[in-house]
Amino acid sequence: KAPAGKGKGEESLKLGLIPVEDNFPFFVAEQEGLFAKAGLKVELVPFNSARDRDLALQAKNIDGEAADIVATALLRKGGTPVKIVSLTMGATPSEGRFALVARPGSAVSRPEQLKGATMGISENTIIEYVADRLLQGAGVEPGSVQKVAVPQIPERLQLLLGGRLETALLPDPFATLAEKKGGRVILDDTKINRNLSQVVLIFREETIKEKATAIKKLLQVYAEAAGLVSSQPDKYRELFITRARIPAELKDTYLSPKFSPPQVPGKTEVADVQEWMVAKKLLPAAYSYEELVDPTFVPGGRENK
Amino acid sequence: MRDSRQALSYILSILFLFSLWWLVAVWINNPGLPGPLPALRSLVKVGWPELARHLYISTYRVLGSLALALIIAVPLGLWAGRHPAFDSFLAPLVYLLYPVPKVALLPVAMVLLGIGDATRMLVIFLVIVNQILITTRDAARQIPHQLLLSVASLGAGKISLYRQVILPACLPEIITASRISLGSAISVLFLSETIAGNSGLGYFILDGLFRADYGAMFAGILAMAGMGLVLYILLNFLEYLLCPWQRL
Amino acid sequence: MRDSRQALSYILSILFLFSLWWLVAVWINNPGLPGPLPALRSLVKVGWPELARHLYISTYRVLGSLALALIIAVPLGLWAGRHPAFDSFLAPLVYLLYPVPKVALLPVAMVLLGIGDATRMLVIFLVIVNQILITTRDAARQIPHQLLLSVASLGAGKISLYRQVILPACLPEIITASRISLGSAISVLFLSETIAGNSGLGYFILDGLFRADYGAMFAGILAMAGMGLVLYILLNFLEYLLCPWQRL
Amino acid sequence: MIRVFNLDYTYYTGGGAVPALVNINLTVPAGQTCVLIGPSGCGKTTLLYLLAGLLQPARGEIWIGEERITKPRQRTAIILQDYGLLPWKTVWENAALGLALRKFTARQQQERLQPLLAGLGLAGLEKRYPAQLSGGQKQRVAIARALSLEPDVLLMDEPFSALDALTRESLQQILVEIQNQRRLTTVLVTHNIEEAVFLGQQIIVLTGAPGQVKAVLANPGAGSGDYRFTSKFHHLCSRVRQLLQE
Amino acid sequence: MIRVFNLDYTYYTGGGAVPALVNINLTVPAGQTCVLIGPSGCGKTTLLYLLAGLLQPARGEIWIGEERITKPRQRTAIILQDYGLLPWKTVWENAALGLALRKFTARQQQERLQPLLAGLGLAGLEKRYPAQLSGGQKQRVAIARALSLEPDVLLMDEPFSALDALTRESLQQILVEIQNQRRLTTVLVTHNIEEAVFLGQQIIVLTGAPGQVKAVLANPGAGSGDYRFTSKFHHLCSRVRQLLQE
Ligand SMILES: Nc1ncnc2c1ncn2[C@@H]1O[C@H](COP(=O)(O)OP(=O)(O)OP(=O)(O)O)[C@@H](O)[C@H]1O
Ligand SMILES: Nc1ncnc2c1ncn2[C@@H]1O[C@H](COP(=O)(O)OP(=O)(O)OP(=O)(O)O)[C@@H](O)[C@H]1O
Ligand SMILES: [Mg+2]
Ligand SMILES: [Mg+2]
């Protein structure tokens with residue numbers, strides 16, 4: 001079997017994406033024909049869960065994907081060497097909001113009251129990392145809340161709104177939707193001075209070797225698309241609603257986020273995530289920055305602390 | 001007369017179902033479960049050309065994998081039912097593999113078949129092939145010895161015995177198995193369509209769920225239930241044609 | 001002699017399965033699919049007290065919902081099989097509800113019933129109750145008229161007819177249905193345990209997957225397959241006890 | 001007493017209506033035996049099913065004593081042409097089924113059945129399933145089941161057809177004895193002319209399909225020990241044969 | 001020619017071994033009819049199954065012509081005691097099954113079967129299913145199926161038991177004619193002593209279970225038209241009856 005993306009010359013790439021706002025510039029680039037213009041043949045493969053997306057990367061059905069640092073380290077640990085080529089979201093603290101939301105009518109209104117309350121998360125993922133760090137930042141011991149594994153976001157939202165979870169950690173736009181439905185935001189990662197939830201673009205090492213020029217072009221296209229979105233959000237509103245799966249109730253009010261130009265994640269970020277993973281026994285030992293990040297494609301980012 | 005009474009029963013039953021749904025919806029009063037009327041309304045309003053495309057793709061996947069499973073499981077099941085030695089070999093395979101969660105097989109399927117239709121149909125196939133196999137085998141075991149002897153005495157060879165006795169004797173059970181598999185196939189279809197890609201009713205429903213657009217979601221669910229019902233009616237018709245002696 | 005040959009077949013079959021697994025694992029060479037030996041090794045090494053707890057919870061959920069489904073579906077199925085009028089009412093319900101993706105409704109069910117055992121068992125129940133109902137009904141339809149007349153002529157009332165003729169005549173098919181439902185129940189169990197909550201083999205397997213700890217994941221899968229096999233063997237034993245006339 | 005008035009019965013097949021019985025009238029006084037004889041397919045089995053209340057007539061009425069028959073009657077026993085044994089019950093369970101349905105205790109069942117099975121040559125076969133019996137053995141189980149009920153009306157559809165001549169004759173004798181003891185009203189279908197004449201105080205000859213009554217012969221001597229060897233017996237046999245031939 | 005040497009057969013049940021036949025030896029010259037008679041359960045059906053190659057003997061050998069029987073033989077036809085009709089085939093399909101298995105065209109099947117069914121009084125029933133027939137009609141379908149094959153060996157298990165006396169006699173006559181035309185070797189099981197003596201050039205009387213050969217009677221007059229009315233016939237009937245009684 002030929003590995004995915006091979007065949008039609010070097011210029012083709014297959015990317016696994018979950019259709020959420022994080023990945024919106026890719027959809028814009030596709031719509032505007034920017035890939036073709038750059039002489040690239042990019043196929044955006046939609047996935048509905050991170051689990052299936054990672055399986056497909058392992059199976060070499062896709063060359064790369066938009067993921068997070070936790071997933072990157074786990075893929076490498078699981079025997080699929082991958083590297084981050086760039087951040088796509090989370091370069092600044094205001095990008096990519098995650099919020100700990102209490103259910104409508106909950107008595108919990110301040111972080112101190114979280115002790116013993118149930119909290120819907122997705123275990124062993126970036127979500128749990130964000131949750132732990134948010135709690136620690138607010139001075140709450142993460143072990144003192146009762147974590148409930150609810151891997152899929154829509155289900156977490158429903159259980160929260162249905163009152164079966166006291167609190168839940170949700171990314172936007174679901175956090176906004178929960179708020180709109182009467183949920184109360186307890187903690188918010190855009191309100192602290194550090195972005196916990198960074199989205200990264202990763203590729204398998206062999207793809208990086210074989211298709212370095214294509215990846216470079218892809219990142220240029222991404223930068224262009226990110227610029228387009230940030231400068232004229234109204235033009236892409238329709239596309240945003242459909243491709244980023246904006247909940248029906250928010251489609252008139254919810255604004256698309258701003259996207260920074262491509263840059264690699266900061267060393268402290270990579271180290272901090274891995275420190276958490278080692279403490280959780282998800283990793284035996286942290287990887288070095290160079291093992292996880294390939295800085296040859298885009299300029300280094302600033303530390304966003 | 002009997003036919004019209006049956007049609008009435010059908011309609012009554014559907015009405016009953018919808019009132020039940022309505023009651024539950026009113027009772028739990030959760031946006032995740034709209035009542036039947038809003039759901040029907042959104043079924044009407046939804047982008048039909050698009051829904052039809054998803055419906056077509058899903059139907060194709062279900063029927064394709066059902067056909068494949070029948071082609072493979074029926075002969076194996078008949079054979080295992082009549083040959084205990086072969087069954088002793090096959091049964092543990094089935095019993096061990098049937099409960100294995102299909103995620104375990106997903107990596108294999110993805111490596112071998114990619115993330116297209118083939119993987120989806122394989123996952124459906126793997127579930128229902130076991131169901132058809134088990135039912136067919138159990139039916140073949142029960143064939144009265146007398147009938148086999150009677151046809152053997154006419155000089156029938158192995159193949160004729162299968163064609164004239166074993167297959168028709170098990171046909172009603174094979175149709176039962178198809179009924180069950182049809183339901184399972186649709187359930188698994190839903191799961192397999194949520195893995196990757198953007199086609200099929202499963203995707204449509206999940207998309208609705210992600211958008212918290214429960215109207216669209218239930219339009220998809222209704223379409224899926226409708227697809228199931230139509231396929232069931234076709235299966236009943238097939239039974240009518242294939243098993244005339246059952247109608248006496 | 002025959003028993004020992006059967007045992008041999010069983011062992012051969014399991015060896016065959018493991019070699020196949022090994023070949024596939026070597027061939028596709030994907031970390032997501034370890035070979036059988038590493039999997040067995042990690043099954044030994046894994047935290048057994050914890051795995052045993054998950055195993056116990058899963059077994060309880062499967063058996064509980066299977067029992068519930070049998071208690072409800074068998075009488076309904078027998079009745080529908082013998083009363084076409086009732087069947088005309090019931091069949092559309094079944095045919096419409098069976099294809100509705102239960103997993104899509106899991107969140108709603110969890111909102112209704114909580115994240116505990118009740119929801120999971122309800123969803124498993126909803127899937128397998130249809131399977132048992134359809135099989136039982138189709139079997140009840142096929143009972144030879146002569147046998148019913150013969151027992152009716154002895155002065156049997158309705159209830160006696162069900163006890164003496166209709167139920168035993170369908171018993172082999174009910175056992176077939178249980179076999180099929182057992183597999184479906186385990187599949188749905190897996191799904192229901194992966195949607196929310198921190199218990200059961202489904203959770204254990206998914207947890208392994210999320211940690212990229214494929215050893216633990218496959219230990220869970222082996223435990224699940226083993227649970228299935230043991231339950232199947234119990235079912236075979238039950239059949240042996242309940243249907244002695246089938247053994248002739 | 002069994003009375004049948006203007007009875008019609010029709011089967012429906014995909015190919016159309018098949019009249020099986022047309023305008024049957026008959027009366028069997030209590031304690032007597034009525035034999036039905038007629039060509040194969042003329043509706044004898046159908047008539048017996050109707051008398052047992054297992055089928056509903058298209059037209060006409062059936063009365064047993066003061067009761068109009070529309071469903072099976074407790075004290076009527078029937079031996080079906082295909083025996084009607086349940087494959088999942090042993091010989092004993094099959095034979096005891098009627099008693100079990102009437103809530104006889106295990107002990108009472110034992111008391112009634114054991115001598116009956118022994119008398120029918122079935123001792124030792126109690127634990128077998130029907131599939132493990134010979135044709136004649138199955139037939140005898142069906143006979144045991146019917147007789148165990150101590151019925152007052154006994155309907156029999158070629159009950160001895162699979163039995164050898166000697167067993168047949170000894171069962172005929174048993175039947176006559178039971179009848180004399182208990183005023184059993186019997187309707188018997190048979191193809192055997194000698195059997196018909198030996199057992200039937202009344203012999204009803206049916207026409208070919210659809211069955212109609214062709215002749216009703218009175219036969220008061222039936223059942224007595226050496227009737228078989230009288231010239232009257234032989235005369236009646238020839239008469240029946242002649243009627244069938246017409 | 002059928003030859004059987006030292007044949008044993010035993011059934012196995014949960015309760016233990018049931019010997020059904022012990023040390024059977026017999027020879028049926030080609031073109032002759034051999035009748036098996038014996039009490040119910042003595043193993044007649046079992047013996048026929050063995051002759052047909054449907055069961056394998058525990059001991060002993062069976063030869064038909066120069067062929068040792070270990071599996072069904074193409075030119076042997078058998079009529080089973082329970083008829084063996086397939087419920088999912090119509091009367092026509094059931095009767096034509098043997099021909100269809102031998103790859104006869106639809107036209108050839110038509111040519112052979114139509115007169116046969118008409119002769120058996122089954123015309124008009126071709127499209128019915130077995131469940132829609134009377135007992136005797138089913139039996140005649142089984143007879144048609146066997147005869148349609150124009151076999152050289154015909155094995156029959158109480159083939160006329162469900163038929164009325166007249167049909168029975170006319171079928172006996174047909175059988176004798178076929179036999180005279182085609183040198184058909186026949187083994188017939190019957191409970192009817194007159195039938196045995198009328199048809200069997202050789203009459204084998206079996207003991208009660210487990211079946212052994214009690215007597216072999218030669219009966220050269222069998223099959224001739226008015227044999228029934230000779231004193232030899234009656235004498236032999238009494239002899240058979242006596243043997244059975246012993
Ligand atoms: N289920 C059925 N559907 C259609 N026709 C039927 C059905 N059962 C019986 N018949 C027809 O009705 C007629 C009477 O059948 P019945 O069984 O009463 O005959 P019978 O007198 O008992 O014959 P036999 O002596 O052969 O047993 C027959 O011609 C038969 O073909
Ligand atoms: N499958 C079986 N298992 C055990 N015993 C059996 C089985 N089939 C038949 N038998 C026994 O073997 C003996 C011979 O049976 P067979 O059917 O050959 O008798 P038969 O001479 O044909 O009797 P009939 O005249 O009643 O038909 C009987 O005693 C019977 O109980
Ligand atoms: Mg009859
Ligand atoms: Mg026999």
# chains A, B, ... in the order shown; residues from 1 in each chain; ligands from 1
>>> interface_residues(of="chain C", to="chain D", cutoff="7 Å", atoms="only C-alpha atoms", output="JSON, numbers by chain")
{"C": [146, 147, 149, 150, 152, 153, 154, 155, 156, 245]}
>>> write_last_selection(atoms="N, CA and C atoms", output="mmCIF file, in the first residue's frame")
data_model
loop_
_atom_site.group_PDB
_atom_site.id
_atom_site.type_symbol
_atom_site.label_atom_id
_atom_site.label_comp_id
_atom_site.auth_asym_id
_atom_site.auth_seq_id
_atom_site.Cartn_x
_atom_site.Cartn_y
_atom_site.Cartn_z
ATOM 1 N N GLN C 146 -50.377 -28.764 13.783
ATOM 2 C CA GLN C 146 -50.790 -30.059 14.310
ATOM 3 C C GLN C 146 -50.504 -30.185 15.804
ATOM 4 N N LEU C 147 -49.325 -29.693 16.199
ATOM 5 C CA LEU C 147 -48.940 -29.842 17.600
ATOM 6 C C LEU C 147 -49.862 -29.031 18.496
ATOM 7 N N LEU C 149 -52.951 -28.206 17.814
ATOM 8 C CA LEU C 149 -54.255 -28.873 17.866
ATOM 9 C C LEU C 149 -54.193 -30.066 18.797
ATOM 10 N N SER C 150 -53.089 -30.795 18.709
ATOM 11 C CA SER C 150 -52.998 -32.012 19.507
ATOM 12 C C SER C 150 -53.087 -31.679 20.995
ATOM 13 N N ALA C 152 -54.298 -28.818 22.279
ATOM 14 C CA ALA C 152 -55.607 -28.218 22.531
ATOM 15 C C ALA C 152 -56.649 -29.317 22.726
ATOM 16 N N SER C 153 -56.500 -30.393 21.951
ATOM 17 C CA SER C 153 -57.499 -31.462 22.039
ATOM 18 C C SER C 153 -57.450 -32.147 23.400
ATOM 19 N N LEU C 154 -56.339 -32.018 24.093
ATOM 20 C CA LEU C 154 -56.261 -32.593 25.440
ATOM 21 C C LEU C 154 -56.896 -31.667 26.469
ATOM 22 N N GLY C 155 -57.454 -30.563 25.993
ATOM 23 C CA GLY C 155 -58.151 -29.671 26.909
ATOM 24 C C GLY C 155 -57.242 -28.612 27.502
ATOM 25 N N ALA C 156 -56.126 -28.307 26.829
ATOM 26 C CA ALA C 156 -55.222 -27.292 27.363
ATOM 27 C C ALA C 156 -55.818 -25.911 27.159
ATOM 28 N N TRP C 245 -33.943 -32.898 24.155
ATOM 29 C CA TRP C 245 -34.390 -33.596 22.950
ATOM 30 C C TRP C 245 -33.601 -33.165 21.715
#
>>> closest_atom_pairs(of="chain E", to="chain D", cutoff="7 Å", atoms="only C-alpha atoms", output="CSV")
residue,atom,partner,partner_atom,distance
E:Gly38,CA,D:Asp164,CA,6.9
E:Pro39,CA,D:Asp164,CA,5.5
E:Ser40,CA,D:Gly136,CA,5.4
E:Gly41,CA,D:Ser134,CA,5.4
E:Ser134,CA,D:Gly41,CA,5.4
E:Gly136,CA,D:Ser40,CA,5.4
E:Gln137,CA,D:Gly41,CA,6.5
E:Ser161,CA,D:Ser161,CA,5.9
E:Ala162,CA,D:Ser161,CA,6.9
E:Leu163,CA,D:Ser40,CA,5.8
E:Asp164,CA,D:His191,CA,4.5
E:Ala165,CA,D:His191,CA,6.0
E:His191,CA,D:Asp164,CA,4.5
E:Asn192,CA,D:Ala165,CA,6.5
>>> interface_residues(of="chain A", to="chain B", cutoff="6 Å", atoms="only C-alpha atoms", output="list in words")
Pro46, Phe47, Asp52, Ala59, Asn61, Pro154, Arg245, Ile246, Pro247 and Ala248 of chain A
>>> write_last_selection(atoms="C-alpha atoms", output="mmCIF file, in the first residue's frame")
data_model
loop_
_atom_site.group_PDB
_atom_site.id
_atom_site.type_symbol
_atom_site.label_atom_id
_atom_site.label_comp_id
_atom_site.auth_asym_id
_atom_site.auth_seq_id
_atom_site.Cartn_x
_atom_site.Cartn_y
_atom_site.Cartn_z
ATOM 1 C CA PRO A 46 -12.795 15.432 8.674
ATOM 2 C CA PHE A 47 -12.867 13.393 11.890
ATOM 3 C CA ASP A 52 -10.158 8.235 15.417
ATOM 4 C CA ALA A 59 -2.375 3.816 10.213
ATOM 5 C CA ASN A 61 -4.059 7.180 6.288
ATOM 6 C CA PRO A 154 -21.489 17.553 22.899
ATOM 7 C CA ARG A 245 -19.841 23.623 13.374
ATOM 8 C CA ILE A 246 -21.089 26.603 15.279
ATOM 9 C CA PRO A 247 -24.132 25.666 17.365
ATOM 10 C CA ALA A 248 -27.356 26.786 15.773
#
>>> interface_residues(of="chain B", to="chain C", cutoff="8 Å", atoms="only C-alpha atoms", output="short mmCIF file (atom, residue, chain, number, x, y, z; two decimals) with N, CA and C atoms, in the first residue's frame")
data_model
loop_
_atom_site.label_atom_id
_atom_site.label_comp_id
_atom_site.auth_asym_id
_atom_site.auth_seq_id
_atom_site.Cartn_x
_atom_site.Cartn_y
_atom_site.Cartn_z
N GLN B 6 -54.84 -4.67 8.78
CA GLN B 6 -53.41 -4.66 9.08
C GLN B 6 -52.83 -3.26 8.89
N SER B 9 -53.72 -1.22 11.81
CA SER B 9 -52.85 -1.54 12.94
C SER B 9 -51.53 -0.82 12.82
N TYR B 10 -51.00 -0.82 11.60
CA TYR B 10 -49.73 -0.15 11.35
C TYR B 10 -49.83 1.33 11.73
N LEU B 12 -52.04 2.86 13.57
CA LEU B 12 -52.26 3.00 15.02
C LEU B 12 -50.95 2.91 15.77
N SER B 13 -50.16 1.94 15.35
CA SER B 13 -48.91 1.69 16.04
C SER B 13 -47.97 2.89 15.91
N ILE B 14 -47.95 3.47 14.71
CA ILE B 14 -47.07 4.63 14.51
C ILE B 14 -47.58 5.81 15.33
N LEU B 17 -46.59 5.32 18.85
CA LEU B 17 -45.18 5.62 19.04
C LEU B 17 -44.95 7.11 19.18
N ILE B 28 -39.51 15.15 29.97
CA ILE B 28 -38.13 15.46 30.37
C ILE B 28 -37.76 16.88 29.97
N GLY B 32 -32.27 18.40 24.16
CA GLY B 32 -31.68 17.26 23.47
C GLY B 32 -32.71 16.30 22.92
N LEU B 33 -33.96 16.40 23.40
CA LEU B 33 -35.01 15.53 22.88
C LEU B 33 -36.21 16.38 22.50
N ALA B 85 -17.76 -31.34 13.62
CA ALA B 85 -16.31 -31.18 13.70
C ALA B 85 -15.92 -29.78 13.26
N SER B 88 -16.95 -27.26 15.89
CA SER B 88 -16.06 -27.16 17.05
C SER B 88 -14.89 -26.25 16.75
N PHE B 89 -14.54 -26.17 15.48
CA PHE B 89 -13.45 -25.27 15.11
C PHE B 89 -13.95 -23.83 14.98
N LEU B 90 -15.11 -23.69 14.34
CA LEU B 90 -15.61 -22.35 14.04
C LEU B 90 -16.16 -21.63 15.27
N PRO B 92 -15.54 -21.46 18.55
CA PRO B 92 -14.70 -20.63 19.43
C PRO B 92 -14.23 -19.35 18.74
N LEU B 93 -13.96 -19.45 17.45
CA LEU B 93 -13.57 -18.24 16.71
C LEU B 93 -14.67 -17.20 16.82
N TYR B 95 -17.19 -17.08 18.95
CA TYR B 95 -17.49 -16.66 20.30
C TYR B 95 -16.40 -15.73 20.85
N LEU B 96 -15.16 -15.91 20.39
CA LEU B 96 -14.10 -15.02 20.86
C LEU B 96 -14.12 -13.69 20.13
N LEU B 97 -14.39 -13.74 18.82
CA LEU B 97 -14.29 -12.51 18.04
C LEU B 97 -15.52 -11.62 18.17
N TYR B 98 -16.68 -12.26 18.35
CA TYR B 98 -17.92 -11.48 18.38
C TYR B 98 -17.89 -10.41 19.47
N PRO B 99 -17.44 -10.76 20.70
CA PRO B 99 -17.47 -9.71 21.73
C PRO B 99 -16.33 -8.69 21.63
N VAL B 100 -15.33 -8.95 20.80
CA VAL B 100 -14.22 -7.99 20.73
C VAL B 100 -14.73 -6.65 20.22
N PRO B 101 -14.48 -5.58 20.98
CA PRO B 101 -14.97 -4.28 20.51
C PRO B 101 -14.30 -3.92 19.19
N LYS B 102 -15.11 -3.35 18.32
CA LYS B 102 -14.60 -3.14 16.98
C LYS B 102 -13.51 -2.08 16.94
N ALA B 104 -10.96 -2.18 18.49
CA ALA B 104 -9.71 -2.92 18.51
C ALA B 104 -9.32 -3.26 17.08
N PRO B 107 -7.69 -0.08 13.90
CA PRO B 107 -6.36 0.15 13.33
C PRO B 107 -6.07 -0.80 12.17
N VAL B 108 -6.45 -2.07 12.35
CA VAL B 108 -6.22 -3.03 11.29
C VAL B 108 -6.97 -2.62 10.04
N VAL B 111 -5.45 0.40 8.33
CA VAL B 111 -4.22 0.12 7.59
C VAL B 111 -4.55 -0.61 6.30
N LEU B 112 -5.46 -1.57 6.42
CA LEU B 112 -5.73 -2.40 5.25
C LEU B 112 -6.61 -1.69 4.23
N ASN B 130 -21.38 -12.46 12.26
CA ASN B 130 -21.52 -13.37 13.39
C ASN B 130 -22.99 -13.69 13.67
N GLN B 131 -23.82 -12.67 13.56
CA GLN B 131 -25.24 -12.91 13.86
C GLN B 131 -25.85 -13.88 12.85
N ILE B 134 -24.40 -17.48 13.42
CA ILE B 134 -24.93 -18.20 14.57
C ILE B 134 -26.36 -18.67 14.29
N THR B 135 -27.18 -17.78 13.76
CA THR B 135 -28.57 -18.17 13.52
C THR B 135 -28.66 -19.30 12.50
N ASP B 138 -27.48 -22.61 14.01
CA ASP B 138 -28.45 -23.19 14.94
C ASP B 138 -29.65 -23.75 14.20
N GLN B 142 -31.05 -28.09 13.51
CA GLN B 142 -32.37 -28.59 13.91
C GLN B 142 -33.14 -29.28 12.81
N GLU B 173 -35.26 -18.98 9.03
CA GLU B 173 -34.35 -18.48 10.06
C GLU B 173 -33.33 -17.52 9.46
N THR B 176 -35.07 -14.36 9.39
CA THR B 176 -35.04 -13.79 10.75
C THR B 176 -33.69 -13.15 11.02
N ALA B 177 -32.65 -13.86 10.67
CA ALA B 177 -31.30 -13.33 10.91
C ALA B 177 -31.10 -12.03 10.14
N ARG B 179 -33.38 -9.90 9.41
CA ARG B 179 -34.12 -8.86 10.12
C ARG B 179 -33.28 -8.30 11.25
N ILE B 180 -32.71 -9.21 12.02
CA ILE B 180 -31.92 -8.77 13.16
C ILE B 180 -30.69 -8.03 12.68
N LEU B 182 -30.21 -6.44 9.99
CA LEU B 182 -30.54 -5.14 9.42
C LEU B 182 -30.49 -4.08 10.53
N GLY B 183 -31.12 -4.38 11.64
CA GLY B 183 -31.10 -3.43 12.76
C GLY B 183 -29.69 -3.20 13.26
N SER B 184 -28.96 -4.29 13.45
CA SER B 184 -27.59 -4.14 13.93
C SER B 184 -26.76 -3.35 12.93
N ILE B 186 -27.65 -1.10 10.89
CA ILE B 186 -27.93 0.34 10.94
C ILE B 186 -27.29 0.95 12.19
N SER B 187 -27.33 0.23 13.32
CA SER B 187 -26.68 0.76 14.52
C SER B 187 -25.19 0.95 14.29
N PHE B 190 -24.21 3.78 12.00
CA PHE B 190 -24.14 5.07 12.67
C PHE B 190 -22.75 5.29 13.25
N ILE B 205 -26.35 13.03 11.58
CA ILE B 205 -26.88 13.08 12.96
C ILE B 205 -25.83 13.65 13.90
N LEU B 206 -24.61 13.17 13.78
CA LEU B 206 -23.57 13.63 14.67
C LEU B 206 -23.29 15.11 14.45
N ILE B 221 -32.31 11.25 12.48
CA ILE B 221 -32.74 10.02 13.15
C ILE B 221 -34.03 9.49 12.52
N LEU B 222 -34.93 10.41 12.21
CA LEU B 222 -36.18 9.99 11.55
C LEU B 222 -35.88 9.37 10.19
N MET B 224 -33.25 7.85 9.36
CA MET B 224 -32.65 6.54 9.60
C MET B 224 -33.73 5.51 9.95
N ALA B 225 -34.64 5.91 10.85
CA ALA B 225 -35.72 5.00 11.22
C ALA B 225 -36.56 4.67 9.99
N GLY B 226 -36.81 5.70 9.15
CA GLY B 226 -37.60 5.47 7.94
C GLY B 226 -36.90 4.52 7.00
N GLY B 228 -34.83 2.23 7.86
CA GLY B 228 -34.98 0.91 8.46
C GLY B 228 -36.34 0.31 8.15
N LEU B 229 -37.38 1.11 8.34
CA LEU B 229 -38.73 0.58 8.12
C LEU B 229 -38.91 0.12 6.68
N TYR B 232 -37.18 -3.05 6.13
CA TYR B 232 -37.92 -4.15 6.75
C TYR B 232 -39.10 -4.58 5.90
N GLN B 246 -44.79 -21.00 4.05
CA GLN B 246 -44.95 -20.46 5.40
C GLN B 246 -46.28 -19.73 5.56
#
>>> calpha_fit_rmsd(fixed="chain B", moving="chain C")
0.7 Å
